[in-house]
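Here is the file my_file_16.txt (compact mmCIF, C-alpha atoms).
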# COMPACT_ATOMS: atom_id res chain seq x y z
CA MET A 1 -3.44 -37.68 -3.29
CA SER A 2 -1.09 -40.05 -1.44
CA LYS A 3 -2.36 -42.80 0.85
CA ALA A 4 -0.66 -41.15 3.82
CA ALA A 5 -2.36 -37.85 3.08
CA ASP A 6 -5.70 -39.53 2.61
CA ALA A 7 -5.34 -41.32 5.94
CA GLU A 8 -5.08 -37.95 7.64
CA TRP A 9 -8.76 -37.35 6.94
CA THR A 10 -9.74 -40.45 8.85
CA ARG A 11 -6.99 -40.61 11.47
CA VAL A 12 -8.29 -41.37 14.98
CA VAL A 13 -6.91 -39.05 17.63
CA SER A 14 -6.54 -40.21 21.22
CA PRO A 15 -8.72 -38.56 23.90
CA GLU A 16 -5.55 -37.19 25.54
CA GLU A 17 -4.47 -35.57 22.29
CA ALA A 18 -7.93 -34.10 21.80
CA ALA A 19 -8.07 -32.87 25.41
CA GLY A 20 -4.85 -31.00 24.81
CA ALA A 21 -6.61 -29.01 22.10
CA GLY A 22 -9.17 -27.19 24.18
CA GLY A 23 -10.54 -29.71 26.62
CA CYS A 24 -14.12 -29.68 25.30
CA HIS A 25 -16.03 -30.52 22.12
CA PRO A 26 -13.89 -33.64 21.81
CA ASP A 27 -15.03 -34.39 18.25
CA ILE A 28 -14.05 -30.97 16.99
CA ALA A 29 -10.81 -30.91 18.96
CA ARG A 30 -10.02 -34.39 17.67
CA SER A 31 -10.67 -33.42 14.06
CA PHE A 32 -8.67 -30.24 14.44
CA GLN A 33 -5.69 -32.09 15.90
CA ALA A 34 -5.87 -34.69 13.14
CA MET A 35 -5.96 -32.01 10.47
CA LEU A 36 -3.44 -29.67 12.08
CA PRO A 37 -0.44 -30.73 9.93
CA ARG A 38 -2.45 -30.10 6.78
CA LEU A 39 -3.93 -26.85 8.08
CA LYS A 40 -0.42 -25.63 8.87
CA ARG A 41 0.56 -26.38 5.29
CA VAL A 42 -2.43 -24.42 3.99
CA VAL A 43 -1.49 -21.44 6.17
CA ALA A 44 2.22 -21.63 5.32
CA GLY A 45 1.46 -22.05 1.63
CA MET A 46 -0.57 -18.84 1.63
CA GLY A 47 2.51 -17.01 2.87
CA LEU A 48 1.48 -16.76 6.51
CA THR A 49 3.95 -17.73 9.19
CA GLY A 50 4.85 -16.89 12.79
CA PRO A 51 2.28 -15.07 14.94
CA GLY A 52 0.13 -14.08 11.93
CA GLY A 53 -0.21 -17.69 10.82
CA GLU A 54 -0.76 -18.91 14.36
CA ASP A 55 -3.58 -16.38 14.81
CA ILE A 56 -5.34 -17.79 11.74
CA LEU A 57 -5.11 -21.35 13.06
CA GLN A 58 -6.17 -20.27 16.54
CA ASN A 59 -9.20 -18.38 15.26
CA VAL A 60 -10.29 -21.30 13.08
CA PHE A 61 -10.12 -23.57 16.10
CA VAL A 62 -12.12 -21.18 18.26
CA GLU A 63 -14.69 -20.68 15.49
CA ALA A 64 -15.12 -24.43 15.25
CA LEU A 65 -15.62 -24.67 19.02
CA GLN A 66 -17.97 -21.72 19.33
CA LYS A 67 -20.02 -22.21 16.17
CA PRO A 68 -19.69 -25.88 15.38
CA PRO A 69 -20.85 -26.59 11.83
CA ARG A 70 -23.82 -28.93 11.44
CA LEU A 71 -22.21 -31.76 9.56
CA ASN A 72 -23.04 -35.40 9.51
CA ALA A 73 -19.67 -37.05 9.19
CA ASP A 74 -16.24 -36.40 10.61
CA GLY A 75 -14.81 -36.22 7.07
CA GLN A 76 -17.15 -33.31 6.38
CA LEU A 77 -15.94 -31.54 9.50
CA ARG A 78 -12.36 -31.91 8.35
CA GLY A 79 -13.28 -30.54 4.95
CA TRP A 80 -14.97 -27.63 6.73
CA LEU A 81 -11.79 -26.93 8.68
CA VAL A 82 -9.72 -26.81 5.49
CA ARG A 83 -12.30 -24.58 3.80
CA VAL A 84 -12.49 -22.08 6.69
CA THR A 85 -8.71 -22.00 7.04
CA THR A 86 -8.25 -21.49 3.31
CA ASN A 87 -10.82 -18.70 3.17
CA ARG A 88 -9.33 -16.90 6.16
CA CYS A 89 -5.87 -17.16 4.64
CA LEU A 90 -7.04 -15.86 1.29
CA LEU A 91 -8.74 -12.92 3.00
CA GLU A 92 -5.52 -12.13 4.83
CA PHE A 93 -3.53 -12.62 1.62
CA ARG A 94 -5.75 -10.15 -0.23
CA GLN A 95 -5.39 -7.58 2.55
CA ARG A 96 -1.63 -7.97 2.56
CA LYS A 97 -1.55 -7.67 -1.17
CA ARG A 98 -3.58 -4.49 -0.96
CA PHE A 99 -1.33 -2.82 1.57
CA GLY A 100 1.89 -4.12 0.10
CA THR A 101 4.49 -6.36 1.61
CA ALA A 102 7.70 -4.52 0.90
CA VAL A 103 8.79 -4.25 4.53
CA GLU A 104 7.98 -7.88 5.16
CA ARG A 105 10.00 -8.91 2.13
CA MET A 106 12.98 -6.94 3.32
CA THR A 107 12.77 -8.64 6.71
CA ARG A 108 12.43 -12.05 5.14
CA ASP A 109 15.34 -11.41 2.80
CA SER A 110 17.61 -10.43 5.67
CA ASP A 111 16.44 -13.50 7.62
CA GLN A 112 17.21 -15.73 4.67
CA SER A 113 20.62 -14.25 4.03
CA SER A 114 21.54 -14.69 7.67
CA THR A 115 20.34 -18.28 7.91
CA GLY A 116 21.73 -19.68 4.66
CA ASN A 117 23.79 -22.84 5.21
CA LEU A 118 25.16 -23.59 1.77
CA SER A 119 28.82 -24.28 1.21
CA GLY A 120 29.70 -22.00 -1.73
CA GLU A 121 28.89 -18.31 -1.45
CA SER A 122 27.81 -18.01 -5.09
CA ASP A 123 25.55 -21.07 -4.72
CA ALA A 124 24.04 -19.54 -1.64
CA ALA A 125 23.47 -16.24 -3.39
CA ALA A 126 21.87 -17.94 -6.39
CA ARG A 127 19.66 -20.01 -4.15
CA THR A 128 18.64 -17.02 -2.05
CA GLU A 129 17.88 -15.09 -5.22
CA GLY A 130 15.75 -17.98 -6.49
CA LEU A 131 13.81 -18.10 -3.25
CA ARG A 132 13.35 -14.34 -3.26
CA VAL A 133 12.01 -14.41 -6.80
CA MET A 134 9.69 -17.24 -5.87
CA ARG A 135 8.39 -15.44 -2.78
CA ASP A 136 7.67 -12.38 -4.87
CA ALA A 137 6.00 -14.49 -7.56
CA LEU A 138 3.80 -16.21 -4.96
CA ASP A 139 2.86 -12.81 -3.52
CA GLU A 140 1.92 -11.62 -7.00
CA LEU A 141 -0.21 -14.64 -7.78
CA GLU A 142 -3.95 -14.05 -7.93
CA PRO A 143 -5.71 -15.44 -4.83
CA ALA A 144 -7.97 -17.46 -7.15
CA LEU A 145 -4.86 -19.29 -8.38
CA LEU A 146 -2.94 -19.42 -5.12
CA GLY A 147 -5.66 -21.36 -3.25
CA PRO A 148 -5.76 -24.35 -5.62
CA LEU A 149 -1.95 -24.29 -6.04
CA VAL A 150 -1.29 -24.60 -2.31
CA LEU A 151 -3.99 -27.18 -1.72
CA ARG A 152 -2.74 -29.31 -4.60
CA TYR A 153 1.03 -29.08 -4.28
CA TYR A 154 1.54 -28.51 -0.57
CA ALA A 155 -1.58 -29.77 1.19
CA ASP A 156 -1.55 -32.78 -1.16
CA MET A 157 -5.22 -32.70 -2.17
CA ASN A 158 -6.60 -33.80 -5.53
CA ALA A 159 -8.68 -31.63 -7.87
CA THR A 160 -11.98 -33.16 -6.73
CA ARG A 161 -11.27 -32.52 -3.05
CA ILE A 162 -10.02 -29.01 -3.82
CA GLY A 163 -13.22 -28.37 -5.76
CA GLU A 164 -15.28 -29.42 -2.73
CA VAL A 165 -13.32 -27.14 -0.44
CA LEU A 166 -13.30 -24.09 -2.72
CA ASN A 167 -16.71 -24.71 -4.25
CA LEU A 168 -15.29 -25.09 -7.76
CA ARG A 169 -15.70 -27.69 -10.48
CA PRO A 170 -12.73 -30.04 -10.84
CA GLY A 171 -12.21 -28.76 -14.39
CA THR A 172 -11.94 -25.20 -13.11
CA VAL A 173 -9.50 -26.34 -10.45
CA ARG A 174 -7.30 -28.02 -13.06
CA SER A 175 -7.41 -24.96 -15.29
CA ARG A 176 -6.36 -22.70 -12.40
CA LEU A 177 -3.57 -25.09 -11.49
CA HIS A 178 -2.23 -24.87 -15.03
CA ASP A 179 -2.38 -21.08 -14.95
CA ALA A 180 -0.68 -20.89 -11.56
CA ARG A 181 2.14 -23.27 -12.52
CA LEU A 182 2.79 -21.52 -15.81
CA PHE A 183 2.77 -18.12 -14.11
CA LEU A 184 5.45 -19.20 -11.64
CA ALA A 185 7.55 -20.82 -14.37
CA ARG A 186 7.28 -17.68 -16.51
CA ARG A 187 8.34 -15.44 -13.61
CA LEU A 188 11.37 -17.62 -13.01
CA ARG A 189 12.44 -17.39 -16.64
CA GLU A 190 11.80 -13.64 -16.77
CA LYS A 191 14.04 -13.11 -13.75
CA GLY A 192 16.76 -15.25 -15.27
CA ILE A 193 16.73 -17.97 -12.62
CA GLU A 194 18.39 -21.02 -14.12
CA PRO A 195 16.42 -24.25 -13.78
CA MET B 196 -2.24 -33.19 -30.63
CA SER B 197 0.11 -32.05 -33.37
CA THR B 198 3.85 -32.36 -32.73
CA ASN B 199 4.32 -28.85 -34.14
CA THR B 200 2.04 -27.06 -31.70
CA CYS B 201 3.10 -25.75 -28.29
CA ARG B 202 0.54 -26.62 -25.61
CA PRO B 203 1.85 -25.26 -22.28
CA GLU B 204 -1.02 -26.72 -20.23
CA LEU B 205 0.03 -30.21 -21.37
CA LEU B 206 3.51 -29.49 -20.08
CA VAL B 207 2.07 -29.01 -16.59
CA ASP B 208 0.31 -32.37 -16.70
CA TYR B 209 3.45 -33.95 -18.14
CA ALA B 210 5.61 -32.45 -15.40
CA ASP B 211 3.19 -33.80 -12.80
CA GLY B 212 3.11 -37.25 -14.44
CA GLU B 213 -0.61 -36.87 -15.12
CA LEU B 214 -0.63 -36.69 -18.91
CA PRO B 215 -2.57 -39.57 -20.50
CA SER B 216 -0.17 -42.14 -21.96
CA ASP B 217 -1.46 -41.68 -25.53
CA GLN B 218 -0.34 -38.04 -25.41
CA VAL B 219 3.02 -38.59 -23.76
CA ASN B 220 4.72 -39.86 -26.93
CA LEU B 221 3.45 -36.95 -28.99
CA LEU B 222 4.55 -34.42 -26.42
CA GLU B 223 7.98 -35.98 -26.11
CA LYS B 224 8.39 -35.78 -29.89
CA HIS B 225 7.43 -32.12 -29.72
CA LEU B 226 9.87 -31.51 -26.86
CA ALA B 227 12.70 -33.00 -28.90
CA THR B 228 12.30 -30.21 -31.42
CA CYS B 229 11.06 -27.26 -29.33
CA GLU B 230 13.64 -25.42 -27.22
CA GLY B 231 10.98 -23.09 -25.75
CA CYS B 232 8.88 -25.95 -24.38
CA ARG B 233 11.96 -27.69 -22.97
CA SER B 234 12.86 -24.50 -21.17
CA THR B 235 9.31 -24.08 -19.87
CA LEU B 236 9.30 -27.67 -18.64
CA ALA B 237 12.56 -27.13 -16.77
CA ALA B 238 11.15 -23.91 -15.26
CA LEU B 239 7.99 -25.77 -14.21
CA HIS B 240 10.07 -28.29 -12.26
CA ARG B 241 12.34 -25.65 -10.75
CA SER B 242 9.53 -23.28 -9.77
CA LEU B 243 7.65 -26.01 -7.90
CA GLU B 244 10.85 -27.00 -6.13
CA LEU B 245 11.43 -23.39 -5.06
CA ALA B 246 7.80 -22.88 -4.07
CA ARG B 247 8.00 -25.93 -1.80
CA GLN B 248 11.14 -24.53 -0.17
CA VAL B 249 9.37 -21.23 0.47
CA TRP B 250 6.37 -23.03 1.92
CA GLU B 251 8.59 -25.20 4.12
CA GLN B 252 10.32 -22.13 5.49
CA ASN B 253 6.94 -20.61 6.28
CA GLU B 254 5.75 -23.82 7.88
CA ALA B 255 8.79 -23.91 10.17
CA GLY B 256 7.45 -20.67 11.66
CA LEU B 257 4.32 -22.52 12.77
CA ALA B 258 6.09 -25.49 14.33
CA ASN B 259 5.30 -24.53 17.92
CA PHE B 260 1.63 -23.76 17.43
CA ALA B 261 -0.77 -25.52 19.78
CA PRO B 262 -4.45 -24.50 19.91
CA THR B 263 -5.99 -22.99 23.01
CA ARG B 264 -9.56 -21.89 23.68
CA ARG B 265 -8.84 -18.18 23.43
CA THR B 266 -9.20 -16.22 20.23
CA ALA B 267 -6.17 -14.43 18.84
CA GLY B 268 -8.09 -11.16 19.17
CA VAL B 269 -8.39 -11.65 22.93
CA ARG B 270 -4.64 -12.06 23.17
CA LEU B 271 -4.20 -8.83 21.25
CA ARG B 272 -6.69 -6.97 23.41
CA GLY B 273 -4.88 -8.22 26.51
CA ALA B 274 -1.61 -6.89 25.16
CA ARG B 275 -3.18 -3.53 24.38
CA ILE B 276 -4.70 -3.27 27.85
CA GLY B 277 -1.29 -4.09 29.30
CA ALA B 278 0.36 -1.38 27.21
CA VAL B 279 -2.22 1.23 28.24
CA ALA B 280 -1.89 0.23 31.91
CA ALA B 281 1.90 0.49 31.70
CA ALA B 282 1.67 3.93 30.08
CA MET B 283 -0.75 5.15 32.77
CA LEU B 284 1.49 3.81 35.51
CA LEU B 285 4.46 5.60 33.98
CA LEU B 286 2.53 8.87 33.73
CA ILE B 287 1.28 8.66 37.33
CA THR B 288 4.76 7.79 38.62
CA SER B 289 6.45 10.62 36.73
CA SER B 290 3.73 13.04 37.89
CA LEU B 291 4.23 12.04 41.52
CA VAL B 292 8.00 12.37 41.24
CA TRP B 293 7.64 15.74 39.57
CA MET B 294 5.14 16.94 42.22
CA SER B 295 7.26 15.75 45.13
CA GLU B 296 10.15 17.83 43.84
CA SER B 297 8.19 20.97 43.05
CA LEU B 298 5.66 21.38 45.85
CA PRO B 299 6.19 24.63 47.78
CA PRO B 300 7.76 24.26 51.26
CA ALA B 301 4.55 25.44 52.97
CA THR B 302 2.83 22.18 52.10
CA ASN B 303 5.38 20.33 54.17
CA LEU B 304 4.45 22.40 57.20
CA HIS B 305 0.71 21.74 56.91
CA PRO B 306 0.37 18.63 54.75
CA ALA B 307 -3.12 17.69 55.91
CA ALA B 308 -4.60 21.08 55.12
CA SER B 309 -2.89 21.96 51.85
CA GLU B 310 -1.90 18.74 50.10
CA THR B 311 -5.01 18.16 47.99
CA PRO B 312 -5.54 21.67 46.53
CA ALA B 313 -1.79 22.05 45.89
CA ASP B 314 -1.70 18.69 44.12
CA GLU B 315 -4.61 19.67 41.95
CA THR B 316 -3.02 22.98 41.00
CA VAL B 317 0.31 21.37 40.23
CA VAL B 318 -1.26 18.63 38.15
CA ALA B 319 -3.33 21.18 36.22
CA GLU B 320 -0.24 23.30 35.53
CA PHE B 321 1.75 20.25 34.55
CA ARG B 322 -0.97 19.17 32.17
CA GLU B 323 -1.26 22.62 30.60
CA GLN B 324 2.49 22.87 30.06
CA MET B 325 2.55 19.43 28.50
CA GLU B 326 -0.29 20.34 26.17
CA ARG B 327 1.36 23.61 25.12
CA GLN B 328 4.70 21.90 24.53
CA ALA B 329 3.00 19.19 22.49
CA ALA B 330 0.94 21.67 20.45
CA ALA B 331 4.01 23.78 19.65
CA ALA B 332 6.04 20.70 18.70
CA ARG B 333 3.24 19.50 16.40
CA LEU B 334 3.02 22.93 14.76
CA LEU B 335 6.78 23.03 14.27
CA ALA B 336 6.77 19.56 12.71
CA ALA B 337 3.92 20.55 10.39
CA ALA B 338 5.70 23.77 9.43
CA ARG B 339 8.88 21.87 8.57
CA ILE B 340 6.93 19.49 6.35
CA LEU B 341 5.25 22.47 4.68
CA ALA B 342 8.62 24.14 4.14
CA ARG B 343 9.83 21.16 2.11
CA GLN B 344 6.91 21.42 -0.33
CA PRO B 345 7.21 23.58 -3.46
CA GLY B 346 6.03 27.08 -2.51
CA GLY B 347 5.48 25.98 1.08
CA GLU B 348 8.14 28.18 2.68
CA LYS B 349 5.72 31.15 2.91
CA TYR B 350 3.13 29.12 4.84
CA ALA B 351 5.80 27.57 6.99
CA GLN B 352 7.03 31.04 7.94
CA GLN B 353 3.54 31.97 9.12
CA ARG B 354 3.45 28.85 11.31
CA TYR B 355 6.86 29.74 12.78
CA GLU B 356 5.50 33.17 13.73
CA ASP B 357 2.40 31.59 15.25
CA ILE B 358 4.59 29.40 17.42
CA LEU B 359 6.69 32.35 18.59
CA SER B 360 3.64 34.46 19.46
CA ALA B 361 1.35 31.80 20.92
CA TYR B 362 3.86 29.48 22.62
CA PRO B 363 6.93 31.62 23.41
CA GLU B 364 7.96 29.58 26.47
CA THR B 365 8.11 26.23 24.69
CA THR B 366 11.12 24.27 23.45
CA ALA B 367 9.85 24.63 19.88
CA ALA B 368 9.87 28.44 20.15
CA GLN B 369 13.35 28.44 21.70
CA GLU B 370 14.58 26.30 18.86
CA LEU B 371 13.19 28.80 16.35
CA ILE B 372 14.79 31.74 18.16
CA GLU B 373 18.18 29.99 18.22
CA ARG B 374 17.87 29.27 14.51
CA LYS B 375 17.00 32.92 13.80
CA ASN B 376 20.02 34.08 15.80
CA ARG B 377 22.33 31.74 13.91
CA LEU B 378 21.12 33.12 10.56

Would you mind giving the structure from this file in structure tokens?
Amino acid sequence: MSKAADAEWTRVVSPEEAAGAGGCHPDIARSFQAMLPRLKRVVAGMGLTGPGGEDILQNVFVEALQKPPRLNADGQLRGWLVRVTTNRCLLEFRQRKRFGTAVERMTRDSDQSSTGNLSGESDAAARTEGLRVMRDALDELEPALLGPLVLRYYADMNATRIGEVLNLRPGTVRSRLHDARLFLARRLREKGIEP
Amino acid sequence: MSTNTCRPELLVDYADGELPSDQVNLLEKHLATCEGCRSTLAALHRSLELARQVWEQNEAGLANFAPTRRTAGVRLRGARIGAVAAAMLLLITSSLVWMSESLPPATNLHPAASETPADETVVAEFREQMERQAAAARLLAAARILARQPGGEKYAQQRYEDILSAYPETTAAQELIERKNRL
């Protein structure tokens, strides 16, 4: 974990910043604001964006305000926020997986093709295809693998911290990270996406 | 570690720069001779790069989020209540317009005495017609779905006859009659 990422856990938020996040329970609001960039990464990494992702973040914040966890240190509260966010995202991810995401994929694909800003058309097509394959591969990934993958490679947490959040041993976290990375690499090769 | 054995999990650690230094040399010797592992290593780098791009795109969709004290569910309920209220308003408005155009002239002569019972009658008739039109349309839709199933034409035909006998004044029945005449 980088120093900058580690500092996020202990960053002090101004009272004004905290007041902007609900106006009460300043400690919780402060922790939430400090962790918001990382929480957004957790949500985005689990494939949630736009109103769906915002609802997850909003509900985590309200849950923290209404049922504040009994924790001793601010660092524990921040860990709690990551854990609750991750669990809510994984629940949502499982539900989406169950009901299928074909329509969403079609929408995303059309969004991507209309917002591409690459110079060559073939480059753009190859890149869009690569992203499409990756989105599909991430959707296919088992939730047990997706959680550690996102926390490690996008929320910038180490295996020990991930283990604390997901209630797993660091060795299990590392093993799942290997499986997740190899799964994505295999999918890419199977679909003929050139490295 | 033998230089002849493929160990994909070591490739992940190597790609992440987390492989212990005593194993790096061995793995690099293996990579020099193993095309499959070189390809996997390249795919490991590329897949992470693509995954990060996907995640960044998703994150851009959350850029404007700022927490408030209301749950997302409350926002949704509010929207639903708004939609129901709008639908009710539309129904009441259309009913009033319809009634104002169809009330018998006598009510205009004695509005105070006859307005309420006439309104009730008109509303009841309006409601009944709506329900009959809706029921016939539903039956017709169901019959058409049945007709597309293997062996379903016979059952569909029965439903068509039901519509013609039970709801002869409806749009659905008229549609069936026109179709019959065309054939």

Check the smallest atom-to-atom distance from each of A:Ala155, A:Ala180, A:Arg161, A:Val150 to Pro37 (chain A) using all atoms listed in the file, then report the winner. A:Ala155

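As for CA of Glu223 (chain B) and CA of Leu206 (chain B), they are spaced 9.9 Å apart.
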
Determine which residues of chain B sit within 6 Å of chain A, taking into account all atoms listed in the file, and present them as a PyMOL selection string. chain B and resi 204+237-239+241-242+250+253-254+256-257+262-264+266-267

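Note that the spacing between CA of Ser31 (chain A) and CA of Val165 (chain A) amounts to 16.0 Å.
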
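Interatomic distance, CA of Leu334 (chain B) to CA of Arg354 (chain B): 6.9 Å.
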
Residues near Gln352 (chain B), anyone? I mean within 9 Å using all atoms listed in the file, not counting same-chain ones fewer than 5 positions away, as a PyMOL selection string. chain B and resi 338+342+347+357

Quick one: axis-aligned box around all listed atoms of region 174-192 of chain A, 5 Å on every side, centre and edge lengths in Å to one decimal, written as AutoDock Vina command-line options.
--center_x 4.7 --center_y -20.6 --center_z -14.1 --size_x 34.2 --size_y 24.9 --size_z 15.3

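With only C-alpha atoms as the atoms that count, the minimum distance from Arg152 (chain A) to the choices B:Ala258, B:Thr200, B:Asp211, B:Tyr362 is reached by B:Asp211.
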
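Polymer residues near (9.3, 36.9, 18.6): counting only C-alpha atoms with a cut-off of 12 Å, they are Tyr355, Glu356, Asp357, Ile358, Leu359, Ser360, Ala361, Tyr362, Pro363, Glu364, Ala368, Gln369, Glu370, Leu371, Ile372, Glu373, Lys375 and Asn376 of chain B.
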
Taking the block just given, write region 204-213 of chain B to a file that holds all heavy atoms, as an mmCIF file, in the first residue's frame.
data_model
loop_
_atom_site.group_PDB
_atom_site.id
_atom_site.type_symbol
_atom_site.label_atom_id
_atom_site.label_comp_id
_atom_site.auth_asym_id
_atom_site.auth_seq_id
_atom_site.Cartn_x
_atom_site.Cartn_y
_atom_site.Cartn_z
ATOM 1 N N GLU B 204 1.011 -18.871 -10.591
ATOM 2 C CA GLU B 204 0.827 -17.972 -9.439
ATOM 3 C C GLU B 204 2.082 -17.133 -9.191
ATOM 4 O O GLU B 204 1.999 -16.002 -8.706
ATOM 5 C CB GLU B 204 0.401 -18.748 -8.179
ATOM 6 C CG GLU B 204 1.458 -19.621 -7.531
ATOM 7 C CD GLU B 204 1.663 -20.962 -8.232
ATOM 8 O OE1 GLU B 204 1.067 -21.199 -9.297
ATOM 9 O OE2 GLU B 204 2.441 -21.768 -7.703
ATOM 10 N N LEU B 205 3.265 -17.692 -9.555
ATOM 11 C CA LEU B 205 4.496 -16.913 -9.403
ATOM 12 C C LEU B 205 4.542 -15.772 -10.414
ATOM 13 O O LEU B 205 5.129 -14.722 -10.158
ATOM 14 C CB LEU B 205 5.731 -17.813 -9.572
ATOM 15 C CG LEU B 205 5.931 -18.897 -8.515
ATOM 16 C CD1 LEU B 205 7.265 -19.608 -8.745
ATOM 17 C CD2 LEU B 205 5.896 -18.320 -7.107
ATOM 18 N N LEU B 206 3.910 -16.014 -11.568
ATOM 19 C CA LEU B 206 3.869 -14.959 -12.585
ATOM 20 C C LEU B 206 3.119 -13.731 -12.074
ATOM 21 O O LEU B 206 3.463 -12.593 -12.382
ATOM 22 C CB LEU B 206 3.196 -15.478 -13.865
ATOM 23 C CG LEU B 206 3.983 -16.499 -14.680
ATOM 24 C CD1 LEU B 206 3.122 -17.051 -15.817
ATOM 25 C CD2 LEU B 206 5.255 -15.874 -15.248
ATOM 26 N N VAL B 207 2.060 -13.984 -11.290
ATOM 27 C CA VAL B 207 1.285 -12.861 -10.734
ATOM 28 C C VAL B 207 2.171 -12.048 -9.796
ATOM 29 O O VAL B 207 2.238 -10.813 -9.896
ATOM 30 C CB VAL B 207 0.028 -13.373 -9.986
ATOM 31 C CG1 VAL B 207 -0.736 -12.210 -9.364
ATOM 32 C CG2 VAL B 207 -0.880 -14.156 -10.921
ATOM 33 N N ASP B 208 2.861 -12.732 -8.900
ATOM 34 C CA ASP B 208 3.749 -12.024 -7.967
ATOM 35 C C ASP B 208 4.863 -11.298 -8.721
ATOM 36 O O ASP B 208 5.241 -10.180 -8.373
ATOM 37 C CB ASP B 208 4.356 -13.015 -6.956
ATOM 38 C CG ASP B 208 3.310 -13.523 -5.980
ATOM 39 O OD1 ASP B 208 2.277 -12.849 -5.823
ATOM 40 O OD2 ASP B 208 3.522 -14.601 -5.374
ATOM 41 N N TYR B 209 5.366 -11.949 -9.773
ATOM 42 C CA TYR B 209 6.430 -11.341 -10.575
ATOM 43 C C TYR B 209 5.912 -10.084 -11.272
ATOM 44 O O TYR B 209 6.566 -9.033 -11.281
ATOM 45 C CB TYR B 209 6.933 -12.359 -11.601
ATOM 46 C CG TYR B 209 8.054 -11.864 -12.483
ATOM 47 C CD1 TYR B 209 9.350 -11.715 -11.993
ATOM 48 C CD2 TYR B 209 7.821 -11.559 -13.817
ATOM 49 C CE1 TYR B 209 10.377 -11.265 -12.820
ATOM 50 C CE2 TYR B 209 8.842 -11.112 -14.638
ATOM 51 C CZ TYR B 209 10.117 -10.970 -14.136
ATOM 52 O OH TYR B 209 11.137 -10.525 -14.942
ATOM 53 N N ALA B 210 4.716 -10.189 -11.838
ATOM 54 C CA ALA B 210 4.118 -9.041 -12.535
ATOM 55 C C ALA B 210 3.904 -7.880 -11.571
ATOM 56 O O ALA B 210 4.030 -6.718 -11.945
ATOM 57 C CB ALA B 210 2.792 -9.452 -13.168
ATOM 58 N N ASP B 211 3.574 -8.216 -10.320
ATOM 59 C CA ASP B 211 3.326 -7.167 -9.320
ATOM 60 C C ASP B 211 4.605 -6.696 -8.633
ATOM 61 O O ASP B 211 4.558 -5.845 -7.744
ATOM 62 C CB ASP B 211 2.359 -7.699 -8.235
ATOM 63 C CG ASP B 211 0.955 -7.878 -8.782
ATOM 64 O OD1 ASP B 211 0.708 -7.421 -9.918
ATOM 65 O OD2 ASP B 211 0.115 -8.458 -8.071
ATOM 66 N N GLY B 212 5.752 -7.298 -9.004
ATOM 67 C CA GLY B 212 7.014 -6.931 -8.368
ATOM 68 C C GLY B 212 7.112 -7.419 -6.930
ATOM 69 O O GLY B 212 7.789 -6.817 -6.104
ATOM 70 N N GLU B 213 6.384 -8.488 -6.607
ATOM 71 C CA GLU B 213 6.368 -8.979 -5.232
ATOM 72 C C GLU B 213 7.009 -10.359 -5.079
ATOM 73 O O GLU B 213 6.907 -10.985 -4.026
ATOM 74 C CB GLU B 213 4.916 -9.033 -4.727
ATOM 75 C CG GLU B 213 4.328 -7.646 -4.540
ATOM 76 C CD GLU B 213 2.877 -7.676 -4.117
ATOM 77 O OE1 GLU B 213 2.294 -8.777 -4.057
ATOM 78 O OE2 GLU B 213 2.337 -6.596 -3.856
#
